[in-house]
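Working notes for the structure below.
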Amino acid sequence: MDQEFENRLLRQISGQSPVGSAGPKIRSPGKAASPRKVQYGDRFIPARAGSSWHTKFESPTKEEESAAASSNSATKKERDGTEAGEDMLAYHCLLQNELLGANISTVKDPQCEDRRMVSLKKASRNLFSYSVKSQRPSLAVGEDQQPYSLSPVGKDSQKLLRSPRKPMRKISKIPFKVLDAPELQDDFYLNLVDWSSTNILSVGLGTCVYLWSACTSHVTRLCDLAVDNDSVTSVAWNERGQQVAVGTHKGLVQIWDASAQKKLITLEGHSARVGALAWNADSICSGSRDRMILQRDSRTPNTSTARTLSGHRQEVCGLKWSPDHQYLASGGNDNKLFVWGQASTLPIQQYSDHTAAVKAIAWSPHQHGLLASGGGTADKYIRFWNTLTGQTLNAVDTGSQVCNLAWSKHDNELVSTHGYSQNQILVWKYPSLVQVAKLTGHTFRVLYLAVSPDGEAIVTGAGDETLRFWNVFSKSRSTKETRSVLNLFNHIR
């Protein structure tokens with residue numbers, strides 16, 4: 001090989017001065033010093049070290065997508081909860097109509113269960129995957145486009161823009177009234193607050209039961225059990241709102257006339273405290289720590305007519321009758337949920353999916369046989385059951401202890417109160433289980449819940465010795481009277 005060619009090749013590879021040279025080449029003073037030019041050989045070798053194949057030719061991983069989704073979840077929830085989110089949803093539907101031919105003519109309520117039907121589908125981001133592209137709608141005049149229309153959008157989009165949109169329901173996160181409730185016990189297994197159909201609130205505070213009128217804000221002390229060395233463990237109004245049942249720590253059930261402030265009868269039979277009460281016409285059901293459920297007539301003290309329901313292995317802490325008064329649901333500290341019929345003394349259905357005490361029980365007034373139940377600290381789930389078939393319908397993890405459940409009388413919504421560890425109040429849309437609102441304010445577990453007779457407000461009680469009133473449910477739908485010429489009351493002569 002030629003020696004000069006070999007030296008030049010080595011200089012190109014090593015980037016150093018030629019072999020045998022004494023030092024850097026001295027430039028002539030007559031020429032300006034120019035930067036050294038890199039000389040390359042006649043062979044092209046691509047440099048791949050600086051290329052990022054991961055960012056250019058690879059689809060995002062699931063971890064990256066989940067991280068991006070979690071970072072944007074807070075802003076997404078805020079956007080969905082405002083009117084701008086609804087406008088954006090309508091805009092997305094309009095784009096789907098014009099570009100993809102989606103034929104969407106109405107915008108669904110973002111808080112309802114049909115929201116996912118009109119939401120944008122997640123586009124596939126696989127770069128080298130094969131897919132058949134959808135054909136764009138034709139611009140020719142057809143059934144979906146009027147020949148002489150001056151609108152730049154199609155018929156479905158015009159209906160979409162003209163369709164009235166339901167205004168977003170805003171729930172105040174501040175209670176409209178706060179009452180002091182001294183000596184309100186912080187006990188998960190008690191039920192010390194109830195709201196009557198006559199708009200009177202009964203509260204068990206220590207050894208006394210107080211009545212608070214929501215119309216006049218007048219407070220009355222109904223009874224004091226200190227003379228009997230006893231305390232209040234549960235209260236419950238009957239359907240007419242005239243009598244209130246009081247469960248005591250000694251296992252007694254007292255029936256009181258609220259207007260006359262007079263004790264009518266005392267029912268015995270339990271050997272431990274009565275923590276749950278439920279009325280069914282003139283009969284009263286009581287659940288106790290002695291694991292028994294007694295159904296008795298409130299008009300007679302005769303214990304021979306009592307109906308005994310035994311099935312729980314620990315304290316009974318939840319009792320609720322179905323809206324048709326045919327079935328009784330009971331929850332206990334044994335993590336069991338039972339459904340009882342009118343004829344048998346054995347449960348007709350048993351549910352054991354909860355892993356903690358079941359105190360929160362609520363029957364749906366909108367769907368026959370639908371039962372909701374909530375578990376304690378170790379469970380944190382709200383579960384929905386079809387008691388007609390015995391099947392599990394749905395479940396949602398609330399993240400904290402479920403203390404109470406109550407359905408709205410007007411809409412398919414329910415409210416839940418919670419204890420450890422967030423002490424919050426949540427409003428849910430059913431069956432989508434979308435969280436409509438989250439209310440905070442109590443510093444202790446929200447152990448007590450009652451719904452107003454009009455179904456719009458709720459009252460919550462906690463171990464922080466306060467009662468807080470919230471407007472959470474929408475108003476009842478007003479039925480307009482149909483005017484007819486045959487109605488004689490429409491015309492006054």
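Residue numbers start at 1 in each chain; chains themselves are named A, B, ... in the order of the structure tokens; ligands are numbered from 1 in the order shown.
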
| message | Which residues are near A:Thr440? Cut-off 10 Å, only C-alpha atoms, ignore same chain within fewer than 2 positions. Put them as a PyMOL selection string. | response | chain A and resi 173-175+422-426+438+442-443+446

| Any idea what's packed within 8 Å of stretch 280-292 of chain A, counting only C-alpha atoms, ignoring anything in its chain fewer than 6 positions away? Could you give it as an NGL selection string? | :A and (238-239 or 251 or 253 or 270-274 or 298-299 or 308-319 or 321 or 325)

| request: Select, from A:Tyr430, A:Trp195, A:Tyr448, A:Phe473, the residue with the minimum atom-to-atom distance to A:Lys409, counting only C-alpha atoms. | output: A:Phe473

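When only C-alpha atoms are used to measure the gap to A:Gln435, the shortest distance among A:Ala357, A:Leu447, A:Thr398, A:Ala306 belongs to A:Thr398.
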
| said: Set the distance at 9 Å and use only C-alpha atoms: which residues neighbour A:Thr305 once local chain neighbours fewer than 5 positions away are removed? I'd like the list as a list in words. | reply: Gln295, Arg296 and Asp297 of chain A

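A straight line drawn from atom CA of A:Asp257 to atom CA of A:Ser452 is 20.3 Å long.
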
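Take the candidates A:Leu184, A:Cys223, A:Ala260, A:Ala236 and check each one against A:Ala276 using only C-alpha atoms; the shortest distance goes to A:Ala236.
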
Between stretch 187-257 of chain A and stretch 453-462 of chain A, at 9 Å or less, what are the per-residue closest atom pairs and their distances in Å? Count only C-alpha atoms, order by chain and rising residue number, and return it as JSON lines.
```
{"residue": "A:Leu192", "atom": "CA", "partner": "A:Gly461", "partner_atom": "CA", "distance": 8.7}
{"residue": "A:Val193", "atom": "CA", "partner": "A:Gly461", "partner_atom": "CA", "distance": 7.5}
{"residue": "A:Asp194", "atom": "CA", "partner": "A:Val459", "partner_atom": "CA", "distance": 8.9}
{"residue": "A:Trp195", "atom": "CA", "partner": "A:Pro453", "partner_atom": "CA", "distance": 7.3}
{"residue": "A:Ser196", "atom": "CA", "partner": "A:Pro453", "partner_atom": "CA", "distance": 6.8}
{"residue": "A:Ser197", "atom": "CA", "partner": "A:Pro453", "partner_atom": "CA", "distance": 5.1}
{"residue": "A:Thr198", "atom": "CA", "partner": "A:Pro453", "partner_atom": "CA", "distance": 7.3}
{"residue": "A:Asn199", "atom": "CA", "partner": "A:Pro453", "partner_atom": "CA", "distance": 6.3}
```

| task | Can you work out the spacing between atom CA of A:Val339 and atom CA of A:Val472 in Å, to one decimal? | result | 29.0 Å

| said: So that I can check the surroundings of A:Val436, please list as an NGL selection string every protein, DNA and RNA residue that reaches within 8 Å of it, counting only C-alpha atoms and ignoring chain neighbours fewer than 6 positions away. | reply: :A and (111 or 426-429)

Kindly export the residues of the current selection with all heavy atoms, as a PDB file, in the first residue's frame.
```pdb
ATOM      1  N   GLN A 111     -73.976  14.148  33.398  1.00  0.00           N
ATOM      2  CA  GLN A 111     -74.051  13.470  34.684  1.00  0.00           C
ATOM      3  C   GLN A 111     -74.855  12.198  34.617  1.00  0.00           C
ATOM      4  O   GLN A 111     -74.969  11.488  35.601  1.00  0.00           O
ATOM      5  CB  GLN A 111     -74.686  14.397  35.725  1.00  0.00           C
ATOM      6  CG  GLN A 111     -73.819  15.588  36.077  1.00  0.00           C
ATOM      7  CD  GLN A 111     -74.474  16.462  37.118  1.00  0.00           C
ATOM      8  OE1 GLN A 111     -75.634  16.266  37.465  1.00  0.00           O
ATOM      9  NE2 GLN A 111     -73.737  17.439  37.613  1.00  0.00           N
ATOM     10  N   LEU A 426     -71.090  11.734  49.841  1.00  0.00           N
ATOM     11  CA  LEU A 426     -71.012  11.580  48.391  1.00  0.00           C
ATOM     12  C   LEU A 426     -72.404  11.407  47.810  1.00  0.00           C
ATOM     13  O   LEU A 426     -73.258  10.748  48.399  1.00  0.00           O
ATOM     14  CB  LEU A 426     -70.141  10.364  48.022  1.00  0.00           C
ATOM     15  CG  LEU A 426     -68.694  10.386  48.519  1.00  0.00           C
ATOM     16  CD1 LEU A 426     -67.982   9.112  48.111  1.00  0.00           C
ATOM     17  CD2 LEU A 426     -67.955  11.611  48.008  1.00  0.00           C
ATOM     18  N   VAL A 427     -72.614  12.017  46.652  1.00  0.00           N
ATOM     19  CA  VAL A 427     -73.862  11.881  45.904  1.00  0.00           C
ATOM     20  C   VAL A 427     -73.545  11.138  44.617  1.00  0.00           C
ATOM     21  O   VAL A 427     -72.636  11.531  43.876  1.00  0.00           O
ATOM     22  CB  VAL A 427     -74.498  13.254  45.603  1.00  0.00           C
ATOM     23  CG1 VAL A 427     -75.833  13.084  44.876  1.00  0.00           C
ATOM     24  CG2 VAL A 427     -74.710  14.041  46.895  1.00  0.00           C
ATOM     25  N   TRP A 428     -74.300  10.056  44.355  1.00  0.00           N
ATOM     26  CA  TRP A 428     -74.032   9.177  43.225  1.00  0.00           C
ATOM     27  C   TRP A 428     -75.207   9.179  42.254  1.00  0.00           C
ATOM     28  O   TRP A 428     -76.357   9.313  42.656  1.00  0.00           O
ATOM     29  CB  TRP A 428     -73.790   7.739  43.694  1.00  0.00           C
ATOM     30  CG  TRP A 428     -72.737   7.583  44.728  1.00  0.00           C
ATOM     31  CD1 TRP A 428     -72.893   7.702  46.071  1.00  0.00           C
ATOM     32  CD2 TRP A 428     -71.353   7.280  44.509  1.00  0.00           C
ATOM     33  NE1 TRP A 428     -71.693   7.487  46.724  1.00  0.00           N
ATOM     34  CE2 TRP A 428     -70.736   7.221  45.792  1.00  0.00           C
ATOM     35  CE3 TRP A 428     -70.576   7.043  43.377  1.00  0.00           C
ATOM     36  CZ2 TRP A 428     -69.380   6.947  45.950  1.00  0.00           C
ATOM     37  CZ3 TRP A 428     -69.239   6.765  43.551  1.00  0.00           C
ATOM     38  CH2 TRP A 428     -68.648   6.714  44.810  1.00  0.00           C
ATOM     39  N   LYS A 429     -74.877   9.040  40.986  1.00  0.00           N
ATOM     40  CA  LYS A 429     -75.884   8.816  39.943  1.00  0.00           C
ATOM     41  C   LYS A 429     -75.954   7.326  39.664  1.00  0.00           C
ATOM     42  O   LYS A 429     -74.930   6.655  39.484  1.00  0.00           O
ATOM     43  CB  LYS A 429     -75.487   9.563  38.659  1.00  0.00           C
ATOM     44  CG  LYS A 429     -76.602   9.644  37.629  1.00  0.00           C
ATOM     45  CD  LYS A 429     -77.609  10.703  37.991  1.00  0.00           C
ATOM     46  CE  LYS A 429     -78.648  10.851  36.887  1.00  0.00           C
ATOM     47  NZ  LYS A 429     -79.654  11.868  37.241  1.00  0.00           N
TER      48      LYS A 429
END
```

Helix (DSSP H, G or I) residues, from DSSP on the backbone, in stretch 188-236 of chain A, as a JSON list (two decimals) with C-alpha atoms, in the first residue's frame:
```
[["chain", "number", "residue", "atom", "x", "y", "z"],
["A", 225, "LEU", "CA", -84.00, 8.19, 80.51],
["A", 226, "ALA", "CA", -81.61, 9.26, 83.27],
["A", 227, "VAL", "CA", -84.26, 8.50, 85.88],
["A", 228, "ASP", "CA", -84.14, 4.84, 84.79]]
```

| said: What's around stretch 370-386 of chain A at 10 Å? Count only C-alpha atoms, leave out sequence neighbours fewer than 2 positions away in its own chain, and write the answer as a PyMOL selection string. | reply: chain A and resi 188+318+320+322+329-331+333+335-337+339+351+353-368+388-407+414+416-421+431

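Of the residues listed (A:Ile171, A:Ala258, A:Ser105, A:Pro164), A:Ala258 shows the shortest atom-to-atom separation from A:Leu201; distances use only C-alpha atoms.
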
| request: Name the closest residue to A:Ile200 among the candidates A:Arg169, A:Arg240, A:His410, A:Lys177; distances are taken between atoms, counting only C-alpha atoms. | output: A:Arg240

| task | as a ChimeraX atom specification, please: all residues of stretch 193-289 of chain A that backbone DSSP puts in strand (DSSP E or B). | result | /A:193-195,200-205,208-213,219-224,232-237,243-248,253-257,262-267,274-280,283-288

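The space between atom CA of A:Thr387 and atom CA of A:Gln349 spans 7.6 Å.
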